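Trainee: Structure file coords.txt (compact mmCIF, C-alpha atoms and all ligand atoms) right here:
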# COMPACT_ATOMS: atom_id res chain seq x y z
CA MET S 1 -37.49 16.25 98.75
CA ALA S 2 -38.77 16.53 95.20
CA LYS S 3 -36.25 15.62 92.55
CA THR S 4 -35.69 17.76 89.47
CA ILE S 5 -35.71 15.76 86.26
CA VAL S 6 -34.95 16.95 82.74
CA GLN S 7 -36.23 14.80 79.90
CA LYS S 8 -35.62 15.35 76.21
CA TYR S 9 -37.71 13.74 73.49
CA GLY S 10 -36.26 13.57 69.98
CA GLY S 11 -38.09 13.96 66.68
CA THR S 12 -39.04 10.30 66.24
CA SER S 13 -40.40 10.12 69.80
CA VAL S 14 -42.88 12.92 68.98
CA GLY S 15 -43.30 11.95 65.30
CA ASP S 16 -47.13 12.00 65.37
CA THR S 17 -49.95 12.89 67.76
CA THR S 18 -50.28 9.31 69.07
CA LYS S 19 -46.61 9.38 70.01
CA ILE S 20 -47.03 12.80 71.63
CA LYS S 21 -49.87 11.36 73.75
CA ASN S 22 -47.63 8.43 74.76
CA VAL S 23 -44.89 10.84 75.76
CA ALA S 24 -47.43 12.79 77.84
CA ASN S 25 -48.37 9.58 79.69
CA ARG S 26 -44.75 8.86 80.48
CA ILE S 27 -44.22 12.40 81.79
CA LYS S 28 -47.37 12.01 83.92
CA SER S 29 -45.85 9.08 85.80
CA TYR S 30 -42.85 11.22 86.82
CA PHE S 31 -45.05 14.20 87.66
CA ASP S 32 -47.35 12.03 89.78
CA ASN S 33 -44.28 10.93 91.72
CA GLY S 34 -43.99 14.50 92.99
CA ASP S 35 -40.92 15.42 90.94
CA ASN S 36 -40.27 18.71 89.16
CA VAL S 37 -40.16 17.87 85.48
CA ALA S 38 -38.69 20.04 82.71
CA VAL S 39 -39.13 18.58 79.24
CA VAL S 40 -37.19 19.57 76.13
CA VAL S 41 -38.76 18.62 72.81
CA SER S 42 -37.50 18.46 69.22
CA ALA S 43 -39.55 19.15 66.12
CA MET S 44 -41.94 16.36 65.06
CA GLY S 45 -40.41 13.65 62.84
CA HIS S 46 -38.70 15.12 59.79
CA THR S 47 -40.14 18.61 60.23
CA THR S 48 -36.74 20.33 60.32
CA ASP S 49 -35.69 18.64 57.06
CA ILE S 50 -38.96 19.72 55.46
CA LEU S 51 -38.35 23.33 56.56
CA VAL S 52 -34.79 23.26 55.18
CA ASP S 53 -36.19 21.97 51.92
CA LEU S 54 -38.77 24.79 51.77
CA ALA S 55 -36.02 27.37 52.16
CA GLU S 56 -33.99 25.67 49.42
CA GLN S 57 -36.98 25.88 47.09
CA ILE S 58 -36.84 29.66 47.51
CA THR S 59 -33.09 30.22 47.28
CA ASP S 60 -29.73 28.43 47.25
CA ASN S 61 -28.40 30.81 49.82
CA PRO S 62 -31.03 31.81 52.40
CA PRO S 63 -30.02 34.55 54.86
CA LYS S 64 -28.88 32.67 57.97
CA ARG S 65 -31.01 34.80 60.26
CA GLU S 66 -34.15 33.94 58.32
CA LEU S 67 -33.25 30.26 58.11
CA ASP S 68 -33.03 30.14 61.92
CA MET S 69 -36.33 31.99 62.18
CA LEU S 70 -37.86 29.28 59.97
CA LEU S 71 -36.20 26.21 61.52
CA SER S 72 -37.10 27.22 65.06
CA THR S 73 -40.82 26.95 64.25
CA GLY S 74 -40.73 23.13 64.26
CA GLU S 75 -40.03 23.00 67.99
CA GLN S 76 -42.69 25.60 68.74
CA VAL S 77 -45.31 23.27 67.27
CA SER S 78 -44.22 20.28 69.34
CA VAL S 79 -43.99 22.09 72.70
CA ALA S 80 -47.53 23.45 72.30
CA LEU S 81 -48.95 20.04 71.30
CA LEU S 82 -47.20 18.29 74.18
CA ALA S 83 -48.47 20.87 76.68
CA MET S 84 -52.01 20.32 75.34
CA ALA S 85 -51.60 16.54 75.57
CA LEU S 86 -50.50 16.87 79.21
CA GLU S 87 -53.33 19.22 80.14
CA SER S 88 -55.81 16.81 78.53
CA ILE S 89 -54.74 14.03 80.93
CA GLY S 90 -54.88 16.32 83.94
CA VAL S 91 -51.22 17.32 84.15
CA PRO S 92 -50.77 21.10 84.33
CA ALA S 93 -48.10 22.20 81.85
CA LYS S 94 -46.73 25.34 80.26
CA SER S 95 -44.70 25.55 77.06
CA PHE S 96 -41.81 27.96 76.47
CA THR S 97 -39.78 29.03 73.47
CA GLY S 98 -36.05 29.74 73.76
CA PHE S 99 -36.91 33.42 73.75
CA GLN S 100 -39.20 33.07 76.75
CA ILE S 101 -36.59 31.37 78.94
CA LYS S 102 -33.86 33.73 77.74
CA MET S 103 -31.74 30.98 76.25
CA MET S 104 -28.95 33.43 75.36
CA THR S 105 -26.51 32.38 72.63
CA ASP S 106 -23.83 33.96 70.50
CA GLY S 107 -24.93 35.26 67.11
CA ASN S 108 -23.50 32.38 65.06
CA HIS S 109 -26.69 31.44 63.21
CA SER S 110 -27.28 27.73 62.58
CA ASN S 111 -24.48 26.76 64.98
CA ALA S 112 -24.95 29.06 67.97
CA LYS S 113 -23.36 28.38 71.35
CA ILE S 114 -25.27 28.85 74.59
CA ASP S 115 -24.03 31.63 76.88
CA SER S 116 -26.65 31.63 79.65
CA ILE S 117 -30.17 30.60 80.65
CA ASP S 118 -32.58 32.40 82.95
CA ARG S 119 -34.27 29.74 85.09
CA THR S 120 -36.87 32.12 86.57
CA ARG S 121 -39.81 31.06 84.41
CA ILE S 122 -39.02 27.37 84.74
CA ASP S 123 -38.84 27.74 88.55
CA HIS S 124 -42.10 29.63 88.44
CA ALA S 125 -43.76 26.81 86.51
CA PHE S 126 -42.45 24.34 89.13
CA SER S 127 -43.77 26.51 91.96
CA GLU S 128 -47.21 26.36 90.32
CA ARG S 129 -46.79 22.53 90.13
CA LYS S 130 -46.60 22.63 86.34
CA VAL S 131 -44.44 20.69 83.93
CA ALA S 132 -42.20 23.11 81.99
CA ILE S 133 -42.04 22.20 78.29
CA ILE S 134 -39.13 23.88 76.52
CA ALA S 135 -38.45 24.15 72.80
CA GLY S 136 -35.12 22.51 71.99
CA PHE S 137 -32.52 23.65 69.46
CA GLN S 138 -33.29 27.40 69.70
CA GLY S 139 -32.06 30.48 71.50
CA ILE S 140 -31.68 34.22 71.01
CA ASP S 141 -28.62 36.39 70.59
CA LYS S 142 -28.02 39.66 72.40
CA ASP S 143 -29.99 41.54 69.74
CA GLU S 144 -32.95 39.18 70.22
CA ASN S 145 -32.52 37.44 66.88
CA ILE S 146 -33.60 33.80 66.97
CA THR S 147 -30.65 31.42 66.68
CA THR S 148 -30.38 27.63 66.38
CA LEU S 149 -27.74 25.38 67.92
CA GLY S 150 -26.92 23.16 64.93
CA ARG S 151 -28.71 20.01 63.72
CA GLY S 152 -29.44 17.67 66.60
CA GLY S 153 -29.03 20.57 69.02
CA SER S 154 -32.02 19.78 71.27
CA ASP S 155 -29.75 17.41 73.21
CA THR S 156 -27.60 20.43 74.04
CA THR S 157 -30.65 22.43 75.15
CA ALA S 158 -31.57 19.60 77.52
CA VAL S 159 -28.14 19.30 79.10
CA ALA S 160 -27.85 23.09 79.43
CA ILE S 161 -31.20 23.17 81.24
CA ALA S 162 -30.18 20.25 83.46
CA ALA S 163 -26.96 22.12 84.35
CA ALA S 164 -28.83 25.39 85.00
CA LEU S 165 -31.37 23.65 87.24
CA GLY S 166 -28.79 21.41 88.96
CA ALA S 167 -31.10 18.55 87.92
CA ASP S 168 -30.76 15.09 89.45
CA GLU S 169 -31.20 13.41 86.07
CA CYS S 170 -30.99 14.30 82.39
CA GLU S 171 -32.76 11.70 80.31
CA ILE S 172 -32.42 11.75 76.53
CA TYR S 173 -35.27 9.72 75.02
CA THR S 174 -34.74 8.49 71.49
CA ASP S 175 -35.65 5.75 69.00
CA VAL S 176 -32.91 3.28 70.03
CA ASN S 177 -32.40 1.63 73.44
CA GLY S 178 -29.22 3.53 74.28
CA VAL S 179 -25.70 4.10 73.00
CA TYR S 180 -24.41 1.12 71.02
CA THR S 181 -20.95 -0.04 69.99
CA THR S 182 -21.84 1.30 66.53
CA ASP S 183 -25.02 2.50 64.79
CA PRO S 184 -27.47 -0.38 65.41
CA ASN S 185 -29.49 0.65 62.37
CA LYS S 186 -26.46 -0.01 60.16
CA VAL S 187 -24.77 -2.92 61.96
CA PRO S 188 -27.34 -5.30 63.48
CA GLU S 189 -24.70 -7.04 65.65
CA ALA S 190 -24.05 -3.78 67.54
CA LYS S 191 -24.39 -4.12 71.31
CA MET S 192 -25.83 -1.61 73.74
CA LEU S 193 -23.41 -0.26 76.35
CA ASP S 194 -24.63 0.11 79.94
CA GLN S 195 -22.17 2.93 80.56
CA ILE S 196 -19.74 5.05 78.61
CA THR S 197 -17.36 7.83 79.68
CA TYR S 198 -17.87 11.47 78.69
CA GLU S 199 -14.55 11.40 76.86
CA GLU S 200 -15.51 8.39 74.76
CA MET S 201 -19.00 9.70 74.07
CA LEU S 202 -17.59 13.07 73.03
CA GLU S 203 -15.23 11.40 70.56
CA LEU S 204 -17.98 9.11 69.22
CA ALA S 205 -20.43 12.02 68.83
CA SER S 206 -17.83 14.18 67.07
CA LEU S 207 -16.82 11.29 64.83
CA GLY S 208 -20.29 10.58 63.50
CA ALA S 209 -22.38 8.69 66.12
CA GLY S 210 -25.54 10.77 65.62
CA VAL S 211 -27.17 9.60 68.85
CA LEU S 212 -26.02 12.67 70.84
CA HIS S 213 -25.13 16.20 69.77
CA SER S 214 -21.43 16.51 70.58
CA ARG S 215 -21.79 19.83 72.39
CA SER S 216 -24.33 18.27 74.75
CA VAL S 217 -21.64 15.83 75.86
CA GLU S 218 -19.10 18.62 76.27
CA LEU S 219 -21.54 20.56 78.47
CA ALA S 220 -22.42 17.47 80.50
CA MET S 221 -18.74 16.81 81.12
CA ASN S 222 -18.05 20.41 82.15
CA TYR S 223 -21.03 20.63 84.50
CA GLY S 224 -20.99 17.04 85.80
CA VAL S 225 -24.44 16.21 84.40
CA THR S 226 -25.08 12.46 84.08
CA ILE S 227 -26.88 11.74 80.79
CA HIS S 228 -29.15 8.72 80.49
CA VAL S 229 -29.79 7.85 76.83
CA ARG S 230 -32.85 5.58 76.62
CA SER S 231 -35.78 4.53 74.48
CA SER S 232 -39.05 6.44 74.52
CA PHE S 233 -40.89 3.27 73.45
CA HIS S 234 -40.41 1.19 76.64
CA ARG S 235 -39.26 1.55 80.24
CA GLU S 236 -35.98 -0.41 80.21
CA PRO S 237 -32.89 1.55 81.26
CA GLY S 238 -30.45 2.60 78.54
CA THR S 239 -26.89 3.93 78.63
CA LEU S 240 -25.39 6.21 81.28
CA VAL S 241 -22.80 8.74 80.15
CA VAL S 242 -20.59 9.33 83.19
CA SER S 243 -17.10 10.32 84.30
CA GLU S 244 -14.26 7.83 83.88
CA ASP S 245 -13.81 7.23 87.64
CA LYS S 246 -17.32 5.73 87.78
CA ILE S 247 -16.39 2.97 85.32
CA MET S 248 -14.44 0.03 86.73
CA GLU S 249 -13.62 -1.89 83.60
CA LYS S 250 -12.24 0.29 80.84
CA MET S 251 -12.82 -1.11 77.39
CA LYS S 252 -9.97 -1.10 74.90
CA VAL S 253 -12.45 -0.10 72.20
CA SER S 254 -16.01 0.76 73.15
CA GLY S 255 -17.33 2.12 69.89
CA VAL S 256 -16.79 2.42 66.15
CA THR S 257 -18.05 5.25 63.95
CA VAL S 258 -18.08 6.24 60.33
CA LYS S 259 -18.43 9.68 58.81
CA ASN S 260 -19.45 9.79 55.16
CA ASP S 261 -20.03 13.49 54.56
CA GLN S 262 -16.34 14.34 54.37
CA ALA S 263 -13.89 15.45 51.69
CA ARG S 264 -10.10 15.27 51.55
CA VAL S 265 -8.23 18.35 50.36
CA THR S 266 -4.65 17.95 49.18
CA ILE S 267 -2.34 20.88 48.52
CA PRO S 268 0.88 19.74 46.84
CA ASP S 269 4.18 21.67 46.65
CA VAL S 270 3.57 23.75 49.75
CA LYS S 271 6.62 25.85 50.59
CA ASP S 272 8.49 24.39 53.55
CA GLN S 273 8.77 27.44 55.76
CA PRO S 274 7.56 28.48 59.23
CA GLY S 275 4.09 30.03 59.44
CA ILE S 276 2.59 28.49 56.29
CA ALA S 277 0.38 25.93 58.06
CA ALA S 278 -0.62 28.54 60.63
CA GLU S 279 -1.71 30.90 57.89
CA LEU S 280 -3.75 28.26 56.06
CA PHE S 281 -5.58 26.88 59.09
CA THR S 282 -6.18 30.34 60.59
CA ALA S 283 -7.84 31.40 57.34
CA LEU S 284 -10.03 28.26 57.38
CA SER S 285 -11.05 28.71 61.01
CA ALA S 286 -11.93 32.34 60.33
CA LYS S 287 -14.58 30.91 57.98
CA ASP S 288 -15.82 28.50 60.71
CA ILE S 289 -14.53 25.50 58.76
CA ILE S 290 -13.86 22.50 60.98
CA VAL S 291 -10.78 20.57 59.91
CA ASP S 292 -10.49 17.00 61.10
CA VAL S 293 -7.56 14.79 60.05
CA ILE S 294 -4.40 16.70 58.99
CA VAL S 295 -1.33 15.08 57.44
CA GLN S 296 1.82 16.84 56.26
CA SER S 297 4.48 14.89 54.34
CA SER S 298 8.17 15.33 55.18
CA PRO S 299 9.74 18.07 53.07
CA ARG S 300 11.61 17.24 49.86
CA ASP S 301 13.28 19.85 47.64
CA GLY S 302 11.92 22.64 49.88
CA VAL S 303 8.26 21.67 49.47
CA ASN S 304 5.83 19.27 51.09
CA THR S 305 2.22 18.13 50.73
CA ILE S 306 -0.54 19.07 53.16
CA SER S 307 -3.75 17.01 53.20
CA PHE S 308 -6.72 17.52 55.48
CA THR S 309 -10.36 16.54 55.74
CA ILE S 310 -13.36 18.84 55.98
CA SER S 311 -17.09 18.50 55.74
CA LYS S 312 -18.27 18.23 52.09
CA LYS S 313 -20.49 21.28 52.52
CA ASP S 314 -17.37 23.38 53.22
CA VAL S 315 -15.61 22.48 49.94
CA PRO S 316 -16.65 25.64 48.00
CA THR S 317 -15.53 28.01 50.78
CA THR S 318 -12.30 26.05 51.31
CA LYS S 319 -11.50 26.36 47.61
CA LEU S 320 -11.95 30.14 47.83
CA VAL S 321 -9.76 30.39 50.94
CA ILE S 322 -6.96 28.42 49.28
CA GLU S 323 -7.30 30.37 46.05
CA ASP S 324 -6.75 33.56 48.07
CA LEU S 325 -3.61 32.18 49.69
CA LYS S 326 -2.35 30.42 46.58
CA LYS S 327 0.60 32.68 45.87
CA LYS S 328 1.96 32.46 49.41
CA LEU S 329 1.23 28.79 49.83
CA SER S 330 1.95 26.60 46.89
CA SER S 331 2.85 26.16 43.30
CA GLY S 332 0.83 22.98 42.80
CA ALA S 333 -2.76 22.28 41.83
CA LEU S 334 -5.33 21.68 44.54
CA GLU S 335 -6.95 18.22 44.68
CA ILE S 336 -10.32 17.44 46.25
CA ASP S 337 -11.52 13.89 46.86
CA ASP S 338 -15.03 13.60 48.21
CA ASP S 339 -15.32 9.84 47.84
CA ILE S 340 -13.94 9.20 51.28
CA ALA S 341 -15.12 8.06 54.70
CA ILE S 342 -13.52 8.44 58.11
CA LEU S 343 -13.62 5.28 60.21
CA SER S 344 -12.80 5.61 63.89
CA ALA S 345 -12.38 3.32 66.89
CA VAL S 346 -12.75 4.92 70.32
CA GLY S 347 -11.96 3.59 73.80
CA VAL S 348 -10.42 4.90 77.03
CA GLY S 349 -8.68 1.53 77.46
CA MET S 350 -6.37 2.52 74.57
CA LYS S 351 -4.44 4.57 77.09
CA SER S 352 -3.20 1.36 78.70
CA HIS S 353 -3.29 -1.21 75.88
CA VAL S 354 -0.67 -1.55 73.17
CA GLY S 355 -1.23 -2.71 69.61
CA VAL S 356 -4.73 -1.28 69.14
CA ALA S 357 -3.78 0.65 65.99
CA ALA S 358 -2.06 -2.41 64.54
CA GLN S 359 -5.17 -4.50 65.19
CA MET S 360 -7.35 -1.94 63.41
CA PHE S 361 -5.02 -1.68 60.40
CA GLN S 362 -4.85 -5.48 60.19
CA ALA S 363 -8.65 -5.75 60.20
CA LEU S 364 -8.83 -3.29 57.28
CA ALA S 365 -5.98 -4.99 55.42
CA THR S 366 -7.70 -8.37 55.66
CA GLU S 367 -10.74 -6.83 53.95
CA GLY S 368 -8.54 -5.23 51.28
CA VAL S 369 -9.39 -1.70 52.45
CA ASN S 370 -6.72 0.83 51.54
CA ILE S 371 -5.94 3.44 54.23
CA LEU S 372 -5.50 6.95 52.80
CA MET S 373 -4.76 8.87 56.01
CA ILE S 374 -4.37 8.06 59.71
CA SER S 375 -4.86 10.19 62.79
CA THR S 376 -4.74 9.24 66.45
CA SER S 377 -5.39 10.71 69.87
CA GLU S 378 -5.05 9.16 73.32
CA ILE S 379 -8.41 7.40 73.02
CA LYS S 380 -9.14 7.16 69.29
CA ILE S 381 -7.74 6.01 65.99
CA SER S 382 -9.19 7.33 62.75
CA CYS S 383 -8.51 6.06 59.23
CA VAL S 384 -9.58 7.83 56.07
CA ILE S 385 -10.62 5.19 53.52
CA PRO S 386 -12.45 5.07 50.18
CA GLN S 387 -16.17 5.62 50.78
CA SER S 388 -17.16 2.50 48.85
CA LYS S 389 -15.48 0.43 51.59
CA SER S 390 -17.03 2.18 54.58
CA LYS S 391 -19.69 -0.39 55.45
CA GLN S 392 -17.28 -3.29 55.09
CA GLY S 393 -14.67 -1.37 57.11
CA VAL S 394 -16.98 -0.64 60.06
CA GLN S 395 -18.06 -4.26 60.21
CA ALA S 396 -14.46 -5.50 60.06
CA ILE S 397 -13.28 -3.24 62.89
CA HIS S 398 -16.39 -3.88 64.97
CA SER S 399 -15.81 -7.62 64.87
CA ALA S 400 -12.00 -7.40 65.15
CA PHE S 401 -12.44 -5.78 68.58
CA GLY S 402 -15.07 -8.34 69.59
CA LEU S 403 -17.81 -5.73 69.98
CA GLY S 404 -20.70 -7.63 68.39
CA ASN S 405 -23.35 -9.74 70.05
P1 LIG M 1 -33.52 11.87 68.03
O1 LIG M 1 -34.51 12.28 67.00
O2 LIG M 1 -34.15 11.13 69.17
O3 LIG M 1 -32.63 12.99 68.50
P2 LIG M 1 -31.35 10.86 66.40
O4 LIG M 1 -31.76 10.36 65.06
O5 LIG M 1 -30.72 12.18 66.49
O6 LIG M 1 -32.64 10.75 67.35
O7 LIG M 1 -30.38 9.80 67.10
C1 LIG M 1 -30.73 8.44 67.20
C2 LIG M 1 -30.09 7.65 66.05
O8 LIG M 1 -28.68 7.68 66.20
C3 LIG M 1 -30.44 6.18 66.04
O9 LIG M 1 -31.64 5.94 65.36
C4 LIG M 1 -29.21 5.56 65.37
O10 LIG M 1 -29.47 5.21 64.02
C5 LIG M 1 -28.16 6.64 65.39
N1 LIG M 1 -26.87 6.19 65.91
C6 LIG M 1 -25.66 6.38 65.32
N2 LIG M 1 -24.68 5.85 66.04
C7 LIG M 1 -25.25 5.30 67.14
C8 LIG M 1 -24.73 4.62 68.28
N3 LIG M 1 -23.42 4.38 68.42
N4 LIG M 1 -25.60 4.20 69.22
C9 LIG M 1 -26.92 4.44 69.09
N5 LIG M 1 -27.47 5.08 68.03
C10 LIG M 1 -26.65 5.52 67.06
N1 LIG M 2 -35.10 19.58 65.16
C1 LIG M 2 -33.68 19.80 65.12
C2 LIG M 2 -33.04 18.91 64.07
O1 LIG M 2 -33.73 18.16 63.41
C3 LIG M 2 -33.01 19.66 66.45
C4 LIG M 2 -33.04 18.27 67.05
O2 LIG M 2 -33.79 17.41 66.57
O3 LIG M 2 -32.31 18.05 68.02
O4 LIG M 2 -31.86 18.97 63.88
MG MG M 3 -30.83 13.79 67.83
Please rewrite the model in this file as structure tokens.
Ligand code: ADP
Ligand code: ASP
Ligand code: MG

Mentor:
Amino acid sequence: MAKTIVQKYGGTSVGDTTKIKNVANRIKSYFDNGDNVAVVVSAMGHTTDILVDLAEQITDNPPKRELDMLLSTGEQVSVALLAMALESIGVPAKSFTGFQIKMMTDGNHSNAKIDSIDRTRIDHAFSERKVAIIAGFQGIDKDENITTLGRGGSDTTAVAIAAALGADECEIYTDVNGVYTTDPNKVPEAKMLDQITYEEMLELASLGAGVLHSRSVELAMNYGVTIHVRSSFHREPGTLVVSEDKIMEKMKVSGVTVKNDQARVTIPDVKDQPGIAAELFTALSAKDIIVDVIVQSSPRDGVNTISFTISKKDVPTTKLVIEDLKKKLSSGALEIDDDIAILSAVGVGMKSHVGVAAQMFQALATEGVNILMISTSEIKISCVIPQSKSKQGVQAIHSAFGLGN
């Protein structure tokens, strides 16, 4: 029986027309095998950045609906070009926008979540023996406004399509060979992993490993889609993202990440009474602000200090939220430090190994890196450190856990 394969090609893989032709040749080999192939494509190269920049030249604060209308055009260009490239080598293909396959999302522009997909047109393309080429990153809300899924969101489109089609494989083609122990473009010693669990990949993606959009991993985990991250420049296999029971040897630490676009907010002299933290973090979440590490000091003289990290872009809104709550919350002056980085080590083996945190802190201490905040979960340890030490810190942790080549 014919297999159903979903492939996603990222921006660098379709960066110019020569690369688009190469991608078409690769797709042809799968199509010639008799398989049903659905292909999700990102915008060419840095197109999305260029579109963002155009909007910023017009206004500091573009209406979110119009920004999505603009950003979604990048993918429309690449699906059409790829369909043409396929047709020109004798492979019948049809391109689709998010609108055309009813990729329904909520109305949260620039970070929309997928609600449902209508597979009818994709199935129809398959029944005509055509490759279905689908624009990544975009959908529509219930009022038919164009939405986008957040930067890097084409990965999520691909996994959602693979889940909707019950595909046998979901291949994510990119410009590196697979998922590495840390960003191979920043740390040359990084090693490619043959396999990684959904849980680990989800943590790594959320903590700054840009190789997969974190919601794509969440979807894959929920729908049991195996993701194969691999290079679009050669045929070697890459990394499989799978469930934990498929991995025999659990690594204590399988990856290290760094996030540099973060800021630490400190509110001193917060009244020590029930409901205060709830009020603060409810107000922040109402503004869609994602809070990462949170630390509260033990109370002294009826007050304590609350510190938390947020994305730098959310600093202005956070300031407004806290200003609004000021009277209820605190008598002290707000402090913002945006010279920070969050370093994290992730591994399912942490569940059964002791001393992992100590080993990480020791590695940072040896390099003279001061730890500003710490947060842990069952499979990760994060340290907030001064940004100037982030490169040194990643390297130290990476080698302390023996991850390098
Ligand atoms: P695409 O355009 O194909 O979606 P991305 O730029 O979104 O590609 O993702 C690939 C990039 O992710 C790589 O070039 C690499 O620099 C970066 N990256 C960060 N962390 C990792 C990691 N742990 N493993 C592999 N790549 C990583
Ligand atoms: N083109 C979009 C972006 O640059 C989506 C993607 O590449 O996945 O963020
Ligand atoms: Mg990407």

Trainee: Between S:Ile397, S:Val346, S:Val303, S:Ala167, which residue has the minimum interatomic distance to Ala2 (chain S), considering all atoms listed in the file?

Mentor: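 When distances to Ala2 (chain S) are compared using all atoms listed in the file, the smallest one comes from S:Ala167.
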
Trainee: May I have the residues within 8 Å of ligand MG 3 (chain M), computed using all atoms listed in the file, as number ranges by chain?

Mentor: S: 10-11, 151-155, 174, 210-213

Trainee: Taking only C-alpha atoms and all ligand atoms into account, report as a ChimeraX atom specification which residues have an atom no farther than 7 Å from an atom of ligand LIG 1 (chain M).

Mentor: /S:9-13,152,173-176,178-185,208-212,255,257

Trainee: Neighbours of ligand LIG 2 (chain M) at 10 Å or closer, counting all atoms listed in the file: which residues, as a PyMOL selection string?

Mentor: chain S and resi 8-12+40-52+71-75+110+135-138+148-158+211-213

Trainee: Looking at S:Leu82, S:Glu244, S:Thr4, S:Leu202, which one is nearest to Ala163 (chain S), with distances taken over all atoms listed in the file?

Mentor: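 The closest residue to Ala163 (chain S) is S:Thr4.
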
Trainee: Any idea what's packed within 8 Å of Asp292 (chain S), counting all atoms listed in the file, ignoring anything in its chain fewer than 4 positions away? Could you give it as a list in words?

Mentor: Phe308, Thr309 and Ile310 of chain S

Trainee: Would you save the residues from that selection as a JSON list (two decimals), in the coordinates of the input, using C-alpha atoms?

Mentor:
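To be explicit, this is the file written out as again04.json:
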[["chain", "number", "residue", "atom", "x", "y", "z"],
["S", 308, "PHE", "CA", -6.72, 17.52, 55.48],
["S", 309, "THR", "CA", -10.36, 16.54, 55.74],
["S", 310, "ILE", "CA", -13.36, 18.84, 55.98]]

Trainee: Do you know which residues are at most 7 Å from Ala363 (chain S) counting all atoms listed in the file, after dropping those on the same chain fewer than 3 positions away, and could you put them as a list in words?

Mentor: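 Final neighbour list, sorted by chain and number: Gln359, Met360, Thr366, Glu367, Ala396, Ile397 and Ala400 of chain S.
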
Trainee: Work out how far apart CA of Thr317 (chain S) and CA of Leu284 (chain S) are and give it in Å to one decimal.

Mentor: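 One can read the CA of Thr317 (chain S) to CA of Leu284 (chain S) distance as 8.6 Å.
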
Trainee: Using all atoms listed in the file, which of the listed residues (S:Ile101, S:Ile146, S:Val14, S:Thr197) sits closest to Val77 (chain S)?

Mentor: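 Comparing S:Ile101, S:Ile146, S:Val14, S:Thr197 against Val77 (chain S), the winner is S:Val14.
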
Trainee: Put region 170-174 of chain S into a file with all heavy atoms, as a tab-separated table (two decimals), in the first residue's frame.

Mentor:
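That gives us selection.tsv:
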chain	number	residue	atom	x	y	z
S	170	CYS	N	6.90	12.05	9.22
S	170	CYS	CA	6.92	13.51	9.12
S	170	CYS	C	8.37	13.95	9.14
S	170	CYS	O	9.04	13.88	10.18
S	170	CYS	CB	6.15	14.14	10.28
S	170	CYS	SG	6.11	15.94	10.16
S	171	GLU	N	8.86	14.32	7.97
S	171	GLU	CA	10.27	14.69	7.87
S	171	GLU	C	10.40	16.21	7.87
S	171	GLU	O	9.72	16.90	7.11
S	171	GLU	CB	10.85	14.16	6.55
S	171	GLU	CG	10.78	12.65	6.45
S	171	GLU	CD	11.38	12.14	5.14
S	171	GLU	OE1	11.06	12.72	4.08
S	171	GLU	OE2	12.17	11.19	5.19
S	172	ILE	N	11.28	16.70	8.75
S	172	ILE	CA	11.53	18.14	8.80
S	172	ILE	C	12.93	18.37	8.21
S	172	ILE	O	13.93	18.00	8.84
S	172	ILE	CB	11.48	18.68	10.25
S	172	ILE	CG1	10.16	18.32	10.94
S	172	ILE	CG2	11.78	20.18	10.30
S	172	ILE	CD1	8.96	19.17	10.58
S	173	TYR	N	12.98	18.91	7.01
S	173	TYR	CA	14.27	19.14	6.35
S	173	TYR	C	14.78	20.53	6.70
S	173	TYR	O	14.04	21.52	6.61
S	173	TYR	CB	14.11	19.04	4.83
S	173	TYR	CG	13.95	17.62	4.36
S	173	TYR	CD1	12.69	17.07	4.17
S	173	TYR	CD2	15.07	16.82	4.13
S	173	TYR	CE1	12.55	15.76	3.75
S	173	TYR	CE2	14.93	15.52	3.71
S	173	TYR	CZ	13.67	14.99	3.51
S	173	TYR	OH	13.55	13.69	3.10
S	174	THR	N	16.07	20.58	7.09
S	174	THR	CA	16.61	21.88	7.51
S	174	THR	C	18.07	22.01	7.08
S	174	THR	O	18.55	21.22	6.26
S	174	THR	CB	16.39	22.06	9.03
S	174	THR	OG1	16.83	23.35	9.41
S	174	THR	CG2	17.12	21.00	9.86
